Amino acid sequence: MNKIAFTALIALPLAACNSNTAPGNDREAQLDPPAAAAPIEDAASALANVDPGLMLPGTMNDADLAALGAGQACQFRLTEVAFPSFVYDGDGGGAIKINGKLIPVTADGPGSYANGELRIRTRMLDDEGDAGLQMQEMIVAAPRAKDEFGFWGYTTCPADGA
């Protein structure tokens, strides 16, 4: 019994020392500057020296969305809680992030977007995720790639707005 009381007396002051309340329990997070927006380039220059097998969509951050003016645009997300990888609006514009660069695209048909040789197709799926987001398919045909890349994810855009 004395050992338990002694251990508790030793642990009590150590528990009081834990004052690290930063998100993620990481004090250094307060010191990092906000993320900067990725550069906006056309597909030809953004993907010029990239192996076609590595032309996979990246995740946009808040700064990327602000730089694109896409805060209210439809968003394709790889998971329901992720930041978007592709954004598009009803006016025929959109953007995808590949190789750390934002590549604007324009609509060339329903659910079809392009910038040079980069082609993106989207299609709504008849399912939804656990959080209620509509599932969507995105197919990326990158320049010089032999195969397309297909992704199933979620959209924040209603089915009638895509």
# chains A, B, ... in the order shown; residues from 1 in each chain; ligands from 1
$ residues_around --residues "Asn99 in chain A" --least-positions-apart "2" --cutoff "12 Å" --atoms "only C-alpha atoms" --output "PDB file with C-alpha atoms, in the first residue's frame"
ATOM      1  CA  ALA A  38       1.237  26.525 -54.909  1.00  0.00           C
ATOM      2  CA  PRO A  39       2.163  28.215 -58.193  1.00  0.00           C
ATOM      3  CA  ILE A  40      -0.514  28.288 -60.896  1.00  0.00           C
ATOM      4  CA  GLU A  41       0.796  27.013 -64.246  1.00  0.00           C
ATOM      5  CA  ALA A  43      -0.268  21.741 -67.867  1.00  0.00           C
ATOM      6  CA  SER A  45       4.980  23.734 -68.088  1.00  0.00           C
ATOM      7  CA  ALA A  46       3.783  22.194 -64.806  1.00  0.00           C
ATOM      8  CA  LEU A  47       4.225  18.629 -66.077  1.00  0.00           C
ATOM      9  CA  ALA A  48       7.137  19.087 -68.504  1.00  0.00           C
ATOM     10  CA  ASN A  49       9.791  17.202 -66.534  1.00  0.00           C
ATOM     11  CA  VAL A  50       7.566  14.832 -64.557  1.00  0.00           C
ATOM     12  CA  ASP A  51       7.451  11.096 -65.182  1.00  0.00           C
ATOM     13  CA  PRO A  52       3.907  10.218 -66.347  1.00  0.00           C
ATOM     14  CA  GLY A  53       3.644   7.583 -63.618  1.00  0.00           C
ATOM     15  CA  LEU A  54       4.077  10.287 -60.976  1.00  0.00           C
ATOM     16  CA  MET A  55       1.392  12.655 -62.255  1.00  0.00           C
ATOM     17  CA  LEU A  56      -0.994  11.974 -59.389  1.00  0.00           C
ATOM     18  CA  PRO A  57      -3.368  14.518 -57.860  1.00  0.00           C
ATOM     19  CA  GLY A  58      -2.141  16.265 -54.739  1.00  0.00           C
ATOM     20  CA  THR A  59      -4.127  17.817 -51.924  1.00  0.00           C
ATOM     21  CA  MET A  60      -4.952  21.524 -51.993  1.00  0.00           C
ATOM     22  CA  SER A  85      -7.604  17.448 -55.076  1.00  0.00           C
ATOM     23  CA  ILE A  96      -6.252  20.224 -60.177  1.00  0.00           C
ATOM     24  CA  LYS A  97      -3.080  20.030 -58.126  1.00  0.00           C
ATOM     25  CA  LYS A 101       1.417  22.976 -58.970  1.00  0.00           C
ATOM     26  CA  LEU A 102      -2.127  24.184 -59.522  1.00  0.00           C
ATOM     27  CA  ILE A 103      -3.249  23.551 -63.092  1.00  0.00           C
ATOM     28  CA  ALA A 142      -1.894  12.797 -68.122  1.00  0.00           C
TER      29      ALA A 142
END
$ residues_around --residues "Met138 in chain A" --least-positions-apart "2" --cutoff "9 Å" --atoms "only C-alpha atoms" --output "ChimeraX atom specification"
/A:76,86,120-124,136,140,149-153
$ closest_residue --among "A:Leu125, A:Ala114, A:Ala141, A:Cys157" --to "Ala73 in chain A" --atoms "only C-alpha atoms"
A:Cys157
$ select_by_dssp --residues "range 4-148 of chain A" --states "alpha helix (DSSP H)" --output "ChimeraX atom specification"
/A:4-16,43-46,62-68
$ write_last_selection --atoms "all heavy atoms" --output "short mmCIF file (atom, residue, chain, number, x, y, z; two decimals), in the first residue's frame"
data_model
loop_
_atom_site.label_atom_id
_atom_site.label_comp_id
_atom_site.auth_asym_id
_atom_site.auth_seq_id
_atom_site.Cartn_x
_atom_site.Cartn_y
_atom_site.Cartn_z
N ILE A 4 2.16 2.10 -3.54
CA ILE A 4 1.18 2.74 -4.42
C ILE A 4 1.05 4.21 -4.08
O ILE A 4 1.04 5.08 -4.95
CB ILE A 4 -0.19 2.03 -4.30
CG1 ILE A 4 -0.09 0.61 -4.86
CG2 ILE A 4 -1.27 2.82 -5.05
CD1 ILE A 4 -1.31 -0.23 -4.65
N ALA A 5 0.99 4.54 -2.80
CA ALA A 5 0.88 5.94 -2.38
C ALA A 5 2.13 6.71 -2.76
O ALA A 5 2.06 7.86 -3.20
CB ALA A 5 0.63 6.02 -0.87
N PHE A 6 3.30 6.10 -2.59
CA PHE A 6 4.56 6.75 -2.93
C PHE A 6 4.63 7.03 -4.43
O PHE A 6 5.01 8.11 -4.87
CB PHE A 6 5.73 5.88 -2.46
CG PHE A 6 7.08 6.47 -2.77
CD1 PHE A 6 7.51 7.60 -2.07
CD2 PHE A 6 7.90 5.93 -3.75
CE1 PHE A 6 8.74 8.16 -2.35
CE2 PHE A 6 9.12 6.49 -4.02
CZ PHE A 6 9.56 7.60 -3.32
N THR A 7 4.22 6.05 -5.26
CA THR A 7 4.21 6.22 -6.72
C THR A 7 3.25 7.34 -7.13
O THR A 7 3.56 8.14 -8.01
CB THR A 7 3.82 4.90 -7.41
OG1 THR A 7 4.69 3.87 -6.96
CG2 THR A 7 3.90 5.02 -8.92
N ALA A 8 2.09 7.40 -6.51
CA ALA A 8 1.13 8.45 -6.82
C ALA A 8 1.67 9.82 -6.46
O ALA A 8 1.47 10.80 -7.19
CB ALA A 8 -0.18 8.19 -6.10
N LEU A 9 2.38 9.92 -5.35
CA LEU A 9 2.96 11.20 -4.94
C LEU A 9 4.05 11.66 -5.91
O LEU A 9 4.19 12.85 -6.17
CB LEU A 9 3.53 11.11 -3.52
CG LEU A 9 2.49 11.11 -2.40
CD1 LEU A 9 3.17 10.85 -1.07
CD2 LEU A 9 1.73 12.41 -2.38
N ILE A 10 4.78 10.74 -6.46
CA ILE A 10 5.82 11.09 -7.44
C ILE A 10 5.18 11.51 -8.78
O ILE A 10 5.62 12.46 -9.40
CB ILE A 10 6.80 9.91 -7.65
CG1 ILE A 10 7.63 9.71 -6.39
CG2 ILE A 10 7.69 10.15 -8.85
CD1 ILE A 10 8.53 8.49 -6.43
N ALA A 11 4.14 10.81 -9.21
CA ALA A 11 3.51 11.07 -10.50
C ALA A 11 2.70 12.36 -10.51
O ALA A 11 2.57 13.00 -11.55
CB ALA A 11 2.63 9.90 -10.89
N LEU A 12 2.16 12.77 -9.40
CA LEU A 12 1.31 13.96 -9.33
C LEU A 12 2.01 15.23 -9.81
O LEU A 12 1.48 15.95 -10.65
CB LEU A 12 0.76 14.13 -7.91
CG LEU A 12 -0.30 15.20 -7.74
CD1 LEU A 12 -1.50 14.89 -8.61
CD2 LEU A 12 -0.70 15.29 -6.28
N PRO A 13 3.23 15.54 -9.34
CA PRO A 13 3.88 16.76 -9.84
C PRO A 13 4.23 16.66 -11.34
O PRO A 13 4.20 17.66 -12.05
CB PRO A 13 5.15 16.88 -9.00
CG PRO A 13 4.96 15.99 -7.82
CD PRO A 13 3.97 14.96 -8.22
N LEU A 14 4.56 15.46 -11.83
CA LEU A 14 4.88 15.31 -13.25
C LEU A 14 3.66 15.56 -14.13
O LEU A 14 3.77 16.12 -15.21
CB LEU A 14 5.46 13.92 -13.51
CG LEU A 14 6.82 13.64 -12.87
CD1 LEU A 14 7.21 12.20 -13.12
CD2 LEU A 14 7.87 14.58 -13.38
N ALA A 15 2.49 15.14 -13.68
CA ALA A 15 1.27 15.37 -14.44
C ALA A 15 0.96 16.85 -14.54
O ALA A 15 0.42 17.32 -15.54
CB ALA A 15 0.11 14.62 -13.80
N ALA A 16 1.30 17.61 -13.52
CA ALA A 16 1.05 19.05 -13.54
C ALA A 16 1.94 19.78 -14.53
O ALA A 16 1.64 20.89 -14.95
CB ALA A 16 1.22 19.63 -12.14
N ALA A 43 -0.69 23.14 -67.94
CA ALA A 43 -0.27 21.74 -67.87
C ALA A 43 1.07 21.50 -68.54
O ALA A 43 1.90 20.73 -68.03
CB ALA A 43 -1.34 20.85 -68.49
N ALA A 44 1.33 22.13 -69.66
CA ALA A 44 2.57 21.89 -70.39
C ALA A 44 3.80 22.23 -69.55
O ALA A 44 4.76 21.45 -69.49
CB ALA A 44 2.58 22.68 -71.69
N SER A 45 3.81 23.37 -68.89
CA SER A 45 4.98 23.73 -68.09
C SER A 45 4.99 23.03 -66.74
O SER A 45 6.05 22.65 -66.25
CB SER A 45 5.05 25.25 -67.91
OG SER A 45 3.93 25.72 -67.19
N ALA A 46 3.83 22.83 -66.13
CA ALA A 46 3.78 22.19 -64.81
C ALA A 46 4.20 20.73 -64.86
O ALA A 46 4.76 20.21 -63.90
CB ALA A 46 2.38 22.30 -64.23
N ASP A 62 -5.87 25.53 -47.86
CA ASP A 62 -6.71 26.74 -47.88
C ASP A 62 -6.10 27.85 -48.73
O ASP A 62 -6.82 28.58 -49.41
CB ASP A 62 -6.95 27.24 -46.45
CG ASP A 62 -7.88 26.32 -45.66
OD1 ASP A 62 -8.74 25.67 -46.29
OD2 ASP A 62 -7.74 26.27 -44.43
N ALA A 63 -4.77 27.97 -48.71
CA ALA A 63 -4.11 29.00 -49.51
C ALA A 63 -4.28 28.73 -51.01
O ALA A 63 -4.48 29.67 -51.80
CB ALA A 63 -2.62 29.08 -49.15
N ASP A 64 -4.23 27.46 -51.41
CA ASP A 64 -4.46 27.10 -52.82
C ASP A 64 -5.87 27.49 -53.25
O ASP A 64 -6.08 28.07 -54.31
CB ASP A 64 -4.26 25.60 -53.03
CG ASP A 64 -2.84 25.14 -52.82
OD1 ASP A 64 -1.91 25.95 -53.01
OD2 ASP A 64 -2.65 23.96 -52.45
N LEU A 65 -6.85 27.15 -52.40
CA LEU A 65 -8.24 27.47 -52.73
C LEU A 65 -8.45 28.98 -52.85
O LEU A 65 -9.15 29.45 -53.74
CB LEU A 65 -9.18 26.87 -51.70
CG LEU A 65 -9.22 25.35 -51.65
CD1 LEU A 65 -10.06 24.87 -50.47
CD2 LEU A 65 -9.75 24.78 -52.94
N ALA A 66 -7.81 29.74 -51.95
CA ALA A 66 -7.93 31.19 -52.01
C ALA A 66 -7.28 31.75 -53.26
O ALA A 66 -7.82 32.65 -53.91
CB ALA A 66 -7.30 31.81 -50.76
N ALA A 67 -6.11 31.21 -53.65
CA ALA A 67 -5.42 31.69 -54.84
C ALA A 67 -6.24 31.42 -56.11
O ALA A 67 -6.20 32.19 -57.06
CB ALA A 67 -4.05 31.03 -54.96
N LEU A 68 -6.99 30.33 -56.10
CA LEU A 68 -7.82 29.98 -57.24
C LEU A 68 -9.18 30.69 -57.20
O LEU A 68 -9.92 30.66 -58.19
CB LEU A 68 -8.06 28.46 -57.28
CG LEU A 68 -6.85 27.59 -57.56
CD1 LEU A 68 -7.17 26.14 -57.26
CD2 LEU A 68 -6.39 27.77 -59.00
#
$ select_by_dssp --residues "range 13-159 of chain A" --states "strand (DSSP E or B)" --output "VMD selection string"
chain A and resid 40 57 74 to 77 86 to 88 93 to 98 101 to 109 112 to 115 118 to 128 134 to 141 149 to 155
$ write_last_selection --atoms "N, CA and C atoms" --output "compact mmCIF listing (two decimals), in the first residue's frame"
# COMPACT_ATOMS: atom_id res chain seq x y z
N ILE A 40 0.50 28.63 -59.90
CA ILE A 40 -0.51 28.29 -60.90
C ILE A 40 0.17 28.30 -62.26
N PRO A 57 -2.81 13.33 -58.51
CA PRO A 57 -3.37 14.52 -57.86
C PRO A 57 -2.83 14.68 -56.44
N CYS A 74 -17.28 23.42 -56.33
CA CYS A 74 -17.43 22.00 -56.04
C CYS A 74 -16.04 21.41 -55.81
N GLN A 75 -15.95 20.44 -54.92
CA GLN A 75 -14.65 19.89 -54.57
C GLN A 75 -14.67 18.37 -54.67
N PHE A 76 -13.70 17.80 -55.36
CA PHE A 76 -13.49 16.35 -55.37
C PHE A 76 -12.46 16.06 -54.31
N ARG A 77 -12.81 15.19 -53.37
CA ARG A 77 -11.91 14.81 -52.28
C ARG A 77 -11.69 13.31 -52.31
N PHE A 86 -9.27 18.29 -56.61
CA PHE A 86 -9.80 18.88 -57.84
C PHE A 86 -10.99 19.75 -57.47
N VAL A 87 -11.04 20.96 -58.01
CA VAL A 87 -12.17 21.86 -57.79
C VAL A 87 -12.73 22.28 -59.14
N TYR A 88 -14.04 22.48 -59.19
CA TYR A 88 -14.69 22.88 -60.44
C TYR A 88 -15.96 23.64 -60.11
N GLY A 93 -15.07 26.17 -65.34
CA GLY A 93 -13.67 26.23 -64.93
C GLY A 93 -13.39 25.26 -63.80
N GLY A 94 -12.11 24.97 -63.62
CA GLY A 94 -11.70 24.10 -62.54
C GLY A 94 -10.19 24.14 -62.38
N ALA A 95 -9.68 23.36 -61.46
CA ALA A 95 -8.24 23.26 -61.26
C ALA A 95 -7.92 21.97 -60.53
N ILE A 96 -6.75 21.43 -60.84
CA ILE A 96 -6.25 20.22 -60.18
C ILE A 96 -4.84 20.52 -59.70
N LYS A 97 -4.44 19.85 -58.63
CA LYS A 97 -3.08 20.03 -58.13
C LYS A 97 -2.29 18.77 -58.44
N ILE A 98 -1.26 18.94 -59.26
CA ILE A 98 -0.36 17.83 -59.62
C ILE A 98 1.07 18.33 -59.52
N LYS A 101 1.82 21.81 -58.18
CA LYS A 101 1.42 22.98 -58.97
C LYS A 101 -0.08 22.92 -59.21
N LEU A 102 -0.70 24.08 -59.22
CA LEU A 102 -2.13 24.18 -59.52
C LEU A 102 -2.29 24.37 -61.02
N ILE A 103 -3.07 23.51 -61.64
CA ILE A 103 -3.25 23.55 -63.09
C ILE A 103 -4.71 23.87 -63.39
N PRO A 104 -4.99 25.06 -63.92
CA PRO A 104 -6.37 25.39 -64.27
C PRO A 104 -6.82 24.59 -65.49
N VAL A 105 -8.08 24.20 -65.49
CA VAL A 105 -8.66 23.46 -66.62
C VAL A 105 -9.99 24.11 -67.00
N THR A 106 -10.39 23.89 -68.24
CA THR A 106 -11.68 24.39 -68.69
C THR A 106 -12.53 23.22 -69.16
N ALA A 107 -13.83 23.37 -69.01
CA ALA A 107 -14.76 22.31 -69.41
C ALA A 107 -14.81 22.22 -70.93
N ASP A 108 -14.79 20.98 -71.42
CA ASP A 108 -14.96 20.77 -72.86
C ASP A 108 -16.09 19.78 -73.12
N GLY A 109 -16.97 19.65 -72.14
CA GLY A 109 -18.13 18.78 -72.23
C GLY A 109 -18.64 18.50 -70.82
N SER A 112 -16.23 16.86 -68.22
CA SER A 112 -14.96 16.69 -68.92
C SER A 112 -14.20 18.02 -68.92
N TYR A 113 -12.93 17.97 -68.55
CA TYR A 113 -12.10 19.17 -68.43
C TYR A 113 -10.75 18.91 -69.09
N ALA A 114 -10.10 19.98 -69.55
CA ALA A 114 -8.81 19.82 -70.21
C ALA A 114 -7.95 21.06 -70.06
N ASN A 115 -6.64 20.84 -70.15
CA ASN A 115 -5.64 21.90 -70.27
C ASN A 115 -4.53 21.28 -71.09
N LEU A 118 -3.59 17.39 -70.86
CA LEU A 118 -4.13 16.89 -69.60
C LEU A 118 -5.65 16.83 -69.70
N ARG A 119 -6.23 15.67 -69.46
CA ARG A 119 -7.68 15.48 -69.54
C ARG A 119 -8.19 14.93 -68.21
N ILE A 120 -9.34 15.47 -67.77
CA ILE A 120 -9.95 15.03 -66.52
C ILE A 120 -11.43 14.79 -66.80
N ARG A 121 -11.93 13.64 -66.36
CA ARG A 121 -13.36 13.32 -66.48
C ARG A 121 -13.89 13.01 -65.10
N THR A 122 -15.09 13.49 -64.81
CA THR A 122 -15.74 13.17 -63.55
C THR A 122 -17.09 12.54 -63.83
N ARG A 123 -17.50 11.68 -62.90
CA ARG A 123 -18.80 11.01 -63.03
C ARG A 123 -19.33 10.73 -61.63
N MET A 124 -20.57 11.10 -61.40
CA MET A 124 -21.20 10.82 -60.11
C MET A 124 -21.48 9.32 -60.00
N LEU A 125 -21.33 8.80 -58.80
CA LEU A 125 -21.61 7.39 -58.53
C LEU A 125 -22.86 7.29 -57.67
N ASP A 126 -23.50 6.14 -57.70
CA ASP A 126 -24.75 5.94 -56.95
C ASP A 126 -24.48 5.43 -55.54
N ASP A 127 -23.67 6.16 -54.81
CA ASP A 127 -23.36 5.77 -53.44
C ASP A 127 -22.95 7.01 -52.67
N GLU A 128 -22.94 6.92 -51.38
CA GLU A 128 -22.48 8.03 -50.56
C GLU A 128 -21.64 7.48 -49.42
N GLN A 134 -21.71 12.65 -51.49
CA GLN A 134 -21.93 11.90 -52.71
C GLN A 134 -20.60 11.37 -53.24
N MET A 135 -20.57 10.09 -53.65
CA MET A 135 -19.36 9.53 -54.24
C MET A 135 -19.24 9.97 -55.69
N GLN A 136 -17.97 10.11 -56.12
CA GLN A 136 -17.69 10.57 -57.47
C GLN A 136 -16.43 9.86 -57.97
N GLU A 137 -16.38 9.66 -59.26
CA GLU A 137 -15.21 9.08 -59.90
C GLU A 137 -14.49 10.17 -60.67
N MET A 138 -13.16 10.19 -60.60
CA MET A 138 -12.35 11.14 -61.36
C MET A 138 -11.30 10.34 -62.12
N ILE A 139 -11.22 10.56 -63.42
CA ILE A 139 -10.23 9.90 -64.26
C ILE A 139 -9.31 10.96 -64.83
N VAL A 140 -8.01 10.77 -64.63
CA VAL A 140 -7.00 11.72 -65.09
C VAL A 140 -6.17 11.05 -66.18
N ALA A 141 -6.16 11.65 -67.36
CA ALA A 141 -5.32 11.20 -68.46
C ALA A 141 -4.21 12.23 -68.61
N PHE A 149 -5.36 7.36 -64.87
CA PHE A 149 -5.44 7.12 -63.44
C PHE A 149 -6.88 7.35 -63.02
N GLY A 150 -7.46 6.40 -62.33
CA GLY A 150 -8.84 6.54 -61.87
C GLY A 150 -8.90 6.61 -60.35
N PHE A 151 -9.77 7.46 -59.85
CA PHE A 151 -9.91 7.65 -58.41
C PHE A 151 -11.38 7.68 -58.04
N TRP A 152 -11.73 7.02 -56.97
CA TRP A 152 -13.05 7.16 -56.39
C TRP A 152 -12.90 8.01 -55.17
N GLY A 153 -13.78 8.99 -55.04
CA GLY A 153 -13.73 9.88 -53.90
C GLY A 153 -15.11 10.43 -53.63
N TYR A 154 -15.13 11.64 -53.11
CA TYR A 154 -16.38 12.26 -52.67
C TYR A 154 -16.43 13.69 -53.17
N THR A 155 -17.64 14.19 -53.38
CA THR A 155 -17.80 15.55 -53.82
C THR A 155 -18.68 16.32 -52.85
$ closest_residue --among "A:Glu148, A:Leu133, A:Pro110, A:Pro143" --to "Thr79 in chain A" --atoms "only C-alpha atoms"
A:Leu133
$ atom_distance --atom1 "CA of Gly129 in chain A" --atom2 "CA of Glu80 in chain A"
7.1 Å
$ atom_distance --atom1 "CA of Ala131 in chain A" --atom2 "CA of Asn61 in chain A"
20.7 Å
